[in-house]
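Next comes target.cif, with mmCIF, C-alpha atoms and all ligand atoms.
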data_work
loop_
_atom_site.label_atom_id
_atom_site.label_comp_id
_atom_site.auth_asym_id
_atom_site.auth_seq_id
_atom_site.Cartn_x
_atom_site.Cartn_y
_atom_site.Cartn_z
CA MET U 2 117.95 -12.89 -9.82
CA ARG U 3 116.54 -11.17 -6.75
CA THR U 4 119.01 -11.93 -3.98
CA HIS U 5 118.29 -10.96 -0.41
CA THR U 6 121.14 -10.41 2.01
CA THR U 7 119.35 -9.48 5.25
CA LEU U 8 117.79 -12.68 6.41
CA GLN U 9 115.72 -13.63 9.42
CA ARG U 10 116.87 -16.78 11.14
CA GLU U 11 114.53 -19.75 10.96
CA THR U 12 114.50 -21.30 14.43
CA VAL U 13 113.36 -24.89 14.82
CA THR U 14 113.43 -26.52 18.26
CA GLN U 15 111.60 -29.76 17.43
CA ALA U 16 112.43 -30.90 13.91
CA ARG U 17 110.18 -33.27 12.00
CA ASP U 18 111.12 -36.87 11.31
CA VAL U 19 110.69 -38.76 8.06
CA GLU U 20 107.46 -40.77 7.99
CA ARG U 21 108.40 -42.71 4.87
CA LEU U 22 110.19 -42.56 1.53
CA VAL U 23 108.38 -42.73 -1.80
CA ALA U 24 110.03 -43.70 -5.10
CA GLY U 25 107.23 -42.59 -7.41
CA THR U 26 105.84 -44.38 -10.44
CA ALA U 27 107.20 -44.27 -13.97
CA THR U 28 104.37 -43.33 -16.34
CA SER U 29 103.57 -41.20 -19.36
CA ASP U 30 101.02 -38.47 -19.89
CA GLY U 31 99.95 -36.08 -22.64
CA ALA U 32 101.22 -37.29 -26.03
CA GLY U 33 103.66 -39.81 -24.62
CA VAL U 34 105.73 -37.62 -22.31
CA LYS U 35 107.70 -39.85 -19.97
CA LEU U 36 107.69 -38.81 -16.35
CA THR U 37 107.79 -40.00 -12.77
CA ARG U 38 104.62 -39.46 -10.77
CA VAL U 39 106.03 -38.81 -7.32
CA LEU U 40 102.84 -37.74 -5.59
CA THR U 41 100.28 -40.24 -6.80
CA HIS U 42 96.52 -40.48 -6.37
CA GLY U 43 96.93 -42.66 -3.28
CA LEU U 44 98.79 -39.86 -1.45
CA GLN U 45 96.25 -37.07 -2.09
CA ARG U 46 94.64 -37.44 1.31
CA ARG U 47 97.96 -37.70 3.14
CA LEU U 48 99.48 -34.70 1.37
CA ASP U 49 96.35 -32.52 1.15
CA PRO U 50 96.19 -29.78 -0.28
CA TYR U 51 98.49 -31.27 -2.97
CA LEU U 52 97.03 -33.59 -5.59
CA MET U 53 99.99 -34.53 -7.76
CA LEU U 54 103.72 -34.01 -8.28
CA ASP U 55 105.30 -35.12 -11.54
CA ALA U 56 109.05 -35.03 -12.17
CA PHE U 57 110.38 -35.13 -15.70
CA GLY U 58 114.01 -35.08 -16.79
CA THR U 59 115.49 -36.46 -19.98
CA ASP U 60 117.99 -35.73 -22.72
CA ASN U 61 116.04 -37.83 -25.22
CA PRO U 62 113.55 -35.80 -27.32
CA ASP U 63 111.46 -38.95 -27.92
CA ASP U 64 110.55 -38.77 -24.23
CA TYR U 65 109.03 -35.28 -24.45
CA ILE U 66 108.56 -34.11 -28.04
CA GLY U 67 104.81 -34.85 -28.14
CA GLY U 68 104.17 -32.53 -25.22
CA PHE U 69 100.70 -32.03 -23.81
CA PRO U 70 98.25 -31.10 -26.59
CA ASP U 71 94.88 -29.45 -25.82
CA HIS U 72 93.35 -30.78 -22.60
CA PRO U 73 91.04 -29.37 -19.94
CA HIS U 74 91.36 -28.70 -16.20
CA ARG U 75 88.83 -27.67 -13.56
CA GLY U 76 88.89 -27.20 -9.81
CA PHE U 77 92.57 -26.73 -8.86
CA GLU U 78 95.85 -25.01 -9.71
CA THR U 79 98.80 -26.28 -11.75
CA VAL U 80 102.30 -25.08 -10.93
CA THR U 81 104.90 -25.94 -13.55
CA TYR U 82 108.57 -25.37 -12.72
CA MET U 83 111.00 -25.64 -15.59
CA ILE U 84 114.60 -26.44 -14.65
CA ALA U 85 115.85 -26.88 -18.22
CA GLY U 86 114.14 -26.58 -21.58
CA ARG U 87 111.39 -24.50 -23.15
CA MET U 88 107.67 -25.16 -23.14
CA ARG U 89 105.04 -23.04 -24.92
CA HIS U 90 101.72 -22.63 -23.15
CA ARG U 91 98.43 -21.55 -24.73
CA ASP U 92 95.03 -21.56 -23.10
CA SER U 93 91.39 -20.89 -23.82
CA ALA U 94 91.40 -17.78 -21.63
CA GLY U 95 93.66 -16.23 -24.29
CA ASN U 96 96.90 -16.55 -22.37
CA GLU U 97 100.13 -17.55 -24.02
CA GLY U 98 103.58 -17.82 -22.54
CA LEU U 99 106.98 -19.41 -22.85
CA LEU U 100 108.13 -21.33 -19.83
CA GLN U 101 111.89 -21.74 -19.68
CA ASN U 102 115.01 -22.31 -17.59
CA GLY U 103 114.16 -21.66 -13.98
CA GLY U 104 110.74 -20.12 -14.62
CA VAL U 105 107.38 -21.03 -13.13
CA GLN U 106 103.91 -21.02 -14.61
CA TRP U 107 101.12 -20.77 -12.05
CA MET U 108 97.69 -21.47 -13.50
CA THR U 109 94.44 -21.41 -11.61
CA ALA U 110 92.15 -23.62 -13.68
CA GLY U 111 89.15 -22.63 -11.58
CA SER U 112 85.89 -23.12 -13.50
CA GLY U 113 87.76 -24.51 -16.48
CA VAL U 114 90.45 -23.96 -19.06
CA VAL U 115 91.58 -25.90 -22.08
CA HIS U 116 95.30 -25.55 -22.64
CA SER U 117 98.29 -27.00 -24.38
CA GLU U 118 101.85 -27.35 -23.13
CA LEU U 119 104.21 -28.05 -26.02
CA PRO U 120 108.03 -28.24 -26.11
CA GLU U 121 109.65 -25.44 -28.07
CA GLN U 122 112.83 -27.39 -28.76
CA GLU U 123 113.66 -30.41 -30.86
CA ASP U 124 116.64 -31.62 -28.91
CA GLY U 125 118.51 -31.02 -25.68
CA ARG U 126 117.50 -31.49 -22.11
CA MET U 127 113.98 -31.07 -20.75
CA GLU U 128 113.67 -31.14 -16.97
CA GLY U 129 111.16 -29.86 -14.47
CA PHE U 130 108.19 -30.50 -12.25
CA GLN U 131 104.44 -30.10 -12.33
CA LEU U 132 102.63 -29.75 -9.05
CA TRP U 133 98.85 -29.73 -8.60
CA LEU U 134 97.53 -27.64 -5.72
CA ASN U 135 93.90 -28.07 -4.75
CA LEU U 136 91.47 -25.16 -4.44
CA PRO U 137 89.10 -24.73 -1.49
CA SER U 138 85.54 -25.75 -2.38
CA GLY U 139 84.44 -22.12 -2.55
CA ASP U 140 87.14 -21.29 -5.11
CA LYS U 141 86.83 -24.26 -7.45
CA MET U 142 84.56 -22.38 -9.87
CA ARG U 143 86.42 -19.08 -9.72
CA THR U 144 87.53 -17.32 -12.88
CA PRO U 145 90.62 -18.94 -14.41
CA TRP U 146 93.87 -17.10 -13.74
CA TYR U 147 97.40 -17.42 -14.99
CA ARG U 148 100.84 -16.02 -14.33
CA ASP U 149 104.20 -16.66 -15.95
CA ILE U 150 106.98 -16.01 -13.47
CA GLN U 151 110.35 -15.58 -15.15
CA SER U 152 113.35 -17.01 -13.37
CA ALA U 153 114.67 -13.51 -12.59
CA ASP U 154 111.44 -12.74 -10.72
CA ILE U 155 111.71 -15.64 -8.29
CA PRO U 156 113.13 -14.34 -4.99
CA GLU U 157 116.31 -16.08 -3.88
CA LEU U 158 118.24 -16.14 -0.65
CA THR U 159 121.52 -17.68 0.42
CA THR U 160 121.93 -18.71 4.03
CA GLU U 161 125.11 -18.37 6.14
CA ALA U 162 125.66 -22.08 5.48
CA GLY U 163 125.76 -21.32 1.76
CA VAL U 164 122.44 -22.91 0.84
CA THR U 165 120.48 -21.06 -1.84
CA ALA U 166 116.68 -21.16 -1.64
CA ARG U 167 114.51 -20.13 -4.56
CA VAL U 168 111.24 -19.08 -2.92
CA ILE U 169 108.50 -19.95 -5.40
CA ALA U 170 105.66 -19.72 -2.86
CA GLY U 171 105.29 -18.91 0.81
CA ALA U 172 108.24 -17.42 2.70
CA SER U 173 111.65 -18.48 3.97
CA HIS U 174 114.08 -16.60 6.21
CA GLY U 175 111.83 -13.54 6.00
CA VAL U 176 111.86 -13.51 2.20
CA ALA U 177 108.41 -13.60 0.61
CA GLY U 178 108.05 -15.92 -2.36
CA ALA U 179 106.80 -15.13 -5.83
CA MET U 180 103.32 -16.47 -4.99
CA GLN U 181 101.09 -16.49 -1.93
CA ARG U 182 97.80 -18.27 -1.43
CA GLU U 183 95.32 -17.82 1.37
CA VAL U 184 93.73 -20.91 2.89
CA THR U 185 96.24 -23.50 1.60
CA LEU U 186 99.29 -21.34 2.49
CA PRO U 187 101.64 -23.17 0.10
CA LEU U 188 105.37 -23.24 0.75
CA TYR U 189 107.41 -24.19 -2.33
CA LEU U 190 111.20 -23.96 -2.12
CA ASP U 191 113.88 -25.13 -4.54
CA LEU U 192 117.01 -25.65 -2.43
CA HIS U 193 120.53 -25.75 -3.83
CA PHE U 194 123.31 -27.01 -1.54
CA GLU U 195 126.70 -26.37 -3.13
CA LYS U 196 128.47 -28.35 -0.42
CA ALA U 197 127.74 -30.11 2.86
CA GLY U 198 125.47 -28.09 5.10
CA ASP U 199 122.11 -27.71 6.81
CA PHE U 200 118.96 -25.85 5.81
CA THR U 201 116.36 -25.04 8.45
CA GLN U 202 112.75 -24.14 7.71
CA THR U 203 109.87 -23.52 10.08
CA ILE U 204 106.64 -25.32 9.16
CA PRO U 205 103.49 -25.47 11.32
CA ALA U 206 102.95 -29.00 12.68
CA ASP U 207 99.51 -29.34 11.08
CA HIS U 208 100.75 -28.49 7.57
CA ASN U 209 101.53 -31.47 5.35
CA ALA U 210 105.12 -31.37 4.11
CA TYR U 211 107.45 -33.36 1.89
CA VAL U 212 110.88 -33.15 0.30
CA TYR U 213 111.89 -34.38 -3.15
CA VAL U 214 115.63 -34.81 -3.82
CA TYR U 215 116.48 -34.39 -7.51
CA ARG U 216 120.30 -34.19 -7.24
CA GLY U 217 122.58 -35.62 -4.61
CA ALA U 218 121.20 -36.79 -1.29
CA LEU U 219 119.91 -35.47 2.04
CA SER U 220 119.42 -36.73 5.52
CA ILE U 221 116.57 -35.64 7.77
CA ASN U 222 116.95 -36.38 11.49
CA GLY U 223 119.39 -39.12 10.59
CA VAL U 224 117.25 -40.75 7.88
CA ALA U 225 118.91 -40.84 4.45
CA VAL U 226 116.87 -39.53 1.53
CA PRO U 227 118.53 -40.62 -1.73
CA GLU U 228 118.26 -39.01 -5.15
CA GLN U 229 114.83 -39.23 -6.83
CA ARG U 230 113.06 -40.02 -3.60
CA MET U 231 110.35 -38.11 -1.80
CA ALA U 232 110.40 -38.01 1.99
CA ILE U 233 107.01 -37.47 3.60
CA LEU U 234 107.55 -35.59 6.87
CA LYS U 235 105.69 -36.57 10.03
CA ASN U 236 103.15 -34.11 11.44
CA THR U 237 104.38 -34.70 14.98
CA GLU U 238 102.48 -32.59 17.50
CA GLY U 239 104.72 -29.85 18.83
CA SER U 240 107.11 -29.98 15.88
CA ASP U 241 107.90 -26.60 14.38
CA GLY U 242 109.88 -27.28 11.23
CA VAL U 243 112.50 -29.34 9.46
CA VAL U 244 116.29 -29.46 9.20
CA LEU U 245 117.69 -30.82 5.95
CA HIS U 246 121.31 -31.99 5.95
CA ALA U 247 123.36 -32.45 2.79
CA GLU U 248 126.74 -34.17 2.66
CA GLY U 249 127.66 -32.64 -0.68
CA PRO U 250 126.17 -30.85 -3.69
CA THR U 251 122.42 -31.47 -3.58
CA LYS U 252 119.20 -30.04 -5.00
CA ALA U 253 115.77 -30.65 -3.50
CA LEU U 254 112.24 -29.30 -3.42
CA LEU U 255 110.66 -28.61 -0.03
CA ILE U 256 106.88 -28.31 -0.29
CA ALA U 257 104.28 -27.79 2.44
CA GLY U 258 100.73 -26.52 2.83
CA ARG U 259 97.72 -26.35 5.10
CA PRO U 260 95.30 -29.21 4.43
CA LEU U 261 91.79 -28.38 3.23
CA ASN U 262 90.20 -31.46 4.86
CA GLU U 263 87.49 -31.45 2.20
CA PRO U 264 86.27 -34.38 0.08
CA ILE U 265 88.41 -35.00 -3.03
CA ALA U 266 86.65 -36.29 -6.16
CA GLN U 267 88.86 -36.68 -9.22
CA TYR U 268 88.16 -37.73 -12.78
CA GLY U 269 91.36 -37.24 -14.78
CA PRO U 270 91.97 -33.50 -15.15
CA PHE U 271 88.94 -32.48 -13.06
CA VAL U 272 89.21 -32.34 -9.27
CA MET U 273 86.07 -31.40 -7.38
CA ASN U 274 84.38 -32.33 -4.07
CA THR U 275 81.56 -34.61 -5.28
CA ASN U 276 80.82 -37.01 -8.12
CA GLU U 277 77.90 -34.81 -9.20
CA GLN U 278 80.35 -31.94 -9.71
CA LEU U 279 82.55 -34.25 -11.80
CA TYR U 280 79.60 -35.24 -14.04
CA GLN U 281 78.89 -31.53 -14.45
CA ALA U 282 82.53 -30.86 -15.38
CA VAL U 283 82.50 -33.57 -18.06
CA GLU U 284 79.15 -32.31 -19.38
CA ASP U 285 80.33 -28.68 -19.47
CA PHE U 286 83.54 -29.65 -21.22
CA ARG U 287 81.68 -31.72 -23.85
CA ALA U 288 79.22 -28.88 -24.36
CA GLY U 289 82.14 -26.58 -25.17
CA LYS U 290 81.60 -24.44 -22.09
CA PHE U 291 85.34 -24.40 -21.54
CA ALA U 292 86.23 -21.96 -24.30
CA GLU U 293 88.28 -23.32 -27.17
CA ILE U 294 91.79 -22.12 -27.70
CA ALA U 295 91.70 -19.23 -30.15
MN MN Z 1 97.70 -29.28 -18.14
#
Would you mind writing the file out in structure tokens?
Amino acid sequence: MRTHTTLQRETVTQARDVERLVAGTATSDGAGVKLTRVLTHGLQRRLDPYLMLDAFGTDNPDDYIGGFPDHPHRGFETVTYMIAGRMRHRDSAGNEGLLQNGGVQWMTAGSGVVHSELPEQEDGRMEGFQLWLNLPSGDKMRTPWYRDIQSADIPELTTEAGVTARVIAGASHGVAGAMQREVTLPLYLDLHFEKAGDFTQTIPADHNAYVYVYRGALSINGVAVPEQRMAILKNTEGSDGVVLHAEGPTKALLIAGRPLNEPIAQYGPFVMNTNEQLYQAVEDFRAGKFAEIA
């Protein structure tokens, strides 16, 4: 665990309000993995550059044991954050890794990968999140890229108020996260409140931002955000960040990014800018131009 003790204060003078709460949709994906799609297709424009957020959490192996067998992606990045459990990843670029307790896998699908994500456990708890981050049009066909970030390599900080932030991407309180991206400038924080307290984070007003509470509850400018709810934060002109208030032990994701403002065309696991590019993706995949997994 990389813990930082010298922190810069995050100063917010006009905190964002909650625009609305979202409960998400129960669904299944892969070979019958049960999950809650929190950021759904209908929110892609509102939460640009993010395309999807899935939350999964279960003690029942029937809900996850099938995993996600071989499937393709093109045109964006997948960020998988494992809170509990073990998932084996293999892809057609020759990468293989084990994603486990507190670790993150960041995969840039770019021009196309075929991969599998399969549980490496037969019982016990499986819990985590998968986030899809869009790529700028000029990067959609870039060479695929992949990084496994072990839990110990995710920078952490603890504020004076006793709130611990795991900085997966972007920066908080002067601590740089494990990942940085130009253009979309993603901020991805996992916040752990051990008791009542506030957490302050600067966010530019034009960046889209949202909070997902996965334990406990928060309030944001007086609006309650219960467990398993996403709060979309208003992009009020002149606002400079957010203040999250917990009344007791709470865990939440705070995610933000700079919108691309480009057309979004999606067909399942392909996300491009035009329908023609989607036809091409399907054709390339069928023609075996996404390499098979060795
Ligand atoms: Mn996948």
Find the residues of chain U that sit at most 9 Å from ligand MN 1 (chain Z); for each, write down the nearest two atoms and how far apart they are in Å, to one decimal. Count only C-alpha atoms and all ligand atoms. Sort by chain, then by number going up, and give it as CSV.
residue,atom,partner,partner_atom,distance
U:Gly31,CA,Z:MN1,MN,8.5
U:Phe69,CA,Z:MN1,MN,7.0
U:Pro70,CA,Z:MN1,MN,8.7
U:Asp71,CA,Z:MN1,MN,8.2
U:His72,CA,Z:MN1,MN,6.4
U:Pro73,CA,Z:MN1,MN,6.9
U:His74,CA,Z:MN1,MN,6.7
U:Thr79,CA,Z:MN1,MN,7.1
U:Val115,CA,Z:MN1,MN,8.0
U:His116,CA,Z:MN1,MN,6.3
U:Ser117,CA,Z:MN1,MN,6.7
U:Glu118,CA,Z:MN1,MN,6.8
U:Gln131,CA,Z:MN1,MN,8.9
U:Pro270,CA,Z:MN1,MN,7.7
Report, in Å to a single decimal, how far apart atom CA of Trp146 of chain U and atom CA of Val34 of chain U are.
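Straight-line distance from atom CA of Val34 of chain U to atom CA of Trp146 of chain U works out to 25.2 Å.
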Report as a ChimeraX atom specification all protein, DNA and RNA residues lying within 6 Å of segment 53-60 of chain U, evaluated on all atoms listed in the file, omitting residues in the same chain fewer than 4 positions from it.
/U:36-41,125-133
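Of note, atom CA of Leu186 of chain U and atom CA of Ala172 of chain U are spaced 9.8 Å apart.
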Report as CSV: every residue of segment 155-197 of chain U with an atom at most 12 Å from segment 42-50 of chain U, its closest pair of atoms, and their distance in Å to one decimal, counting only C-alpha atoms, with rows sorted by chain and ascending residue number.
residue,atom,partner,partner_atom,distance
U:Arg182,CA,U:Pro50,CA,11.7
U:Val184,CA,U:Pro50,CA,9.7
U:Thr185,CA,U:Pro50,CA,6.6
U:Leu186,CA,U:Pro50,CA,9.4
U:Pro187,CA,U:Pro50,CA,8.6
U:Leu188,CA,U:Pro50,CA,11.3
Generate the output file for the selected residues, C-alpha atoms, as an mmCIF file, in the frame of the given file.
data_model
loop_
_atom_site.group_PDB
_atom_site.id
_atom_site.type_symbol
_atom_site.label_atom_id
_atom_site.label_comp_id
_atom_site.auth_asym_id
_atom_site.auth_seq_id
_atom_site.Cartn_x
_atom_site.Cartn_y
_atom_site.Cartn_z
ATOM 1 C CA ARG U 182 97.800 -18.270 -1.430
ATOM 2 C CA VAL U 184 93.730 -20.910 2.890
ATOM 3 C CA THR U 185 96.240 -23.500 1.600
ATOM 4 C CA LEU U 186 99.290 -21.340 2.490
ATOM 5 C CA PRO U 187 101.640 -23.170 0.100
ATOM 6 C CA LEU U 188 105.370 -23.240 0.750
#
Give me the residues within 10 Å of Val105 of chain U as an NGL selection string, counting only C-alpha atoms and dropping any in the same chain fewer than 2 places off.
:U and (80-84 or 99-103 or 107-108 or 129-131 or 148-152 or 154-155 or 169 or 179)
Suppose you want the space between atom CA of Ala24 of chain U and atom CA of Gly76 of chain U; what is it in Å?
27.2 Å
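In this comparison, which uses all atoms listed in the file, the residue of U:Ser93, U:Thr165, U:Asn61, U:Gln229 approaching Leu22 of chain U most closely is U:Gln229.
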Extract, using all atoms listed in the file, all DNA, RNA and protein residues at most 12 Å from Ala282 of chain U, discarding same-chain residues fewer than 5 positions from it, and format them as number ranges by chain.
U: 73-76, 111-114, 141-142, 266-277, 287-291
Please tabulate, as a tab-separated table, the residues of segment 110-184 of chain U that come within 9 Å of segment 197-214 of chain U, each with its closest pair of atoms and the distance in Å to one decimal, counting all atoms listed in the file and ordering rows by chain, then residue number upward.
residue	atom	partner	partner_atom	distance
U:Thr160	CA	U:Phe200	CA	7.9
U:Ala162	CA	U:Gly198	CA	6.0
U:Gly163	CA	U:Gly198	CA	7.6
U:Val164	CA	U:Phe200	CA	6.7
U:Ser173	CA	U:Gln202	CA	6.9
U:His174	CA	U:Gln202	CA	7.8
Among listed residues U:Ala170, U:Ala32, U:Ala257, U:Val176, nearest Gly242 of chain U (using only C-alpha atoms)
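That would be U:Ala257, the residue with the smallest distance to Gly242 of chain U.
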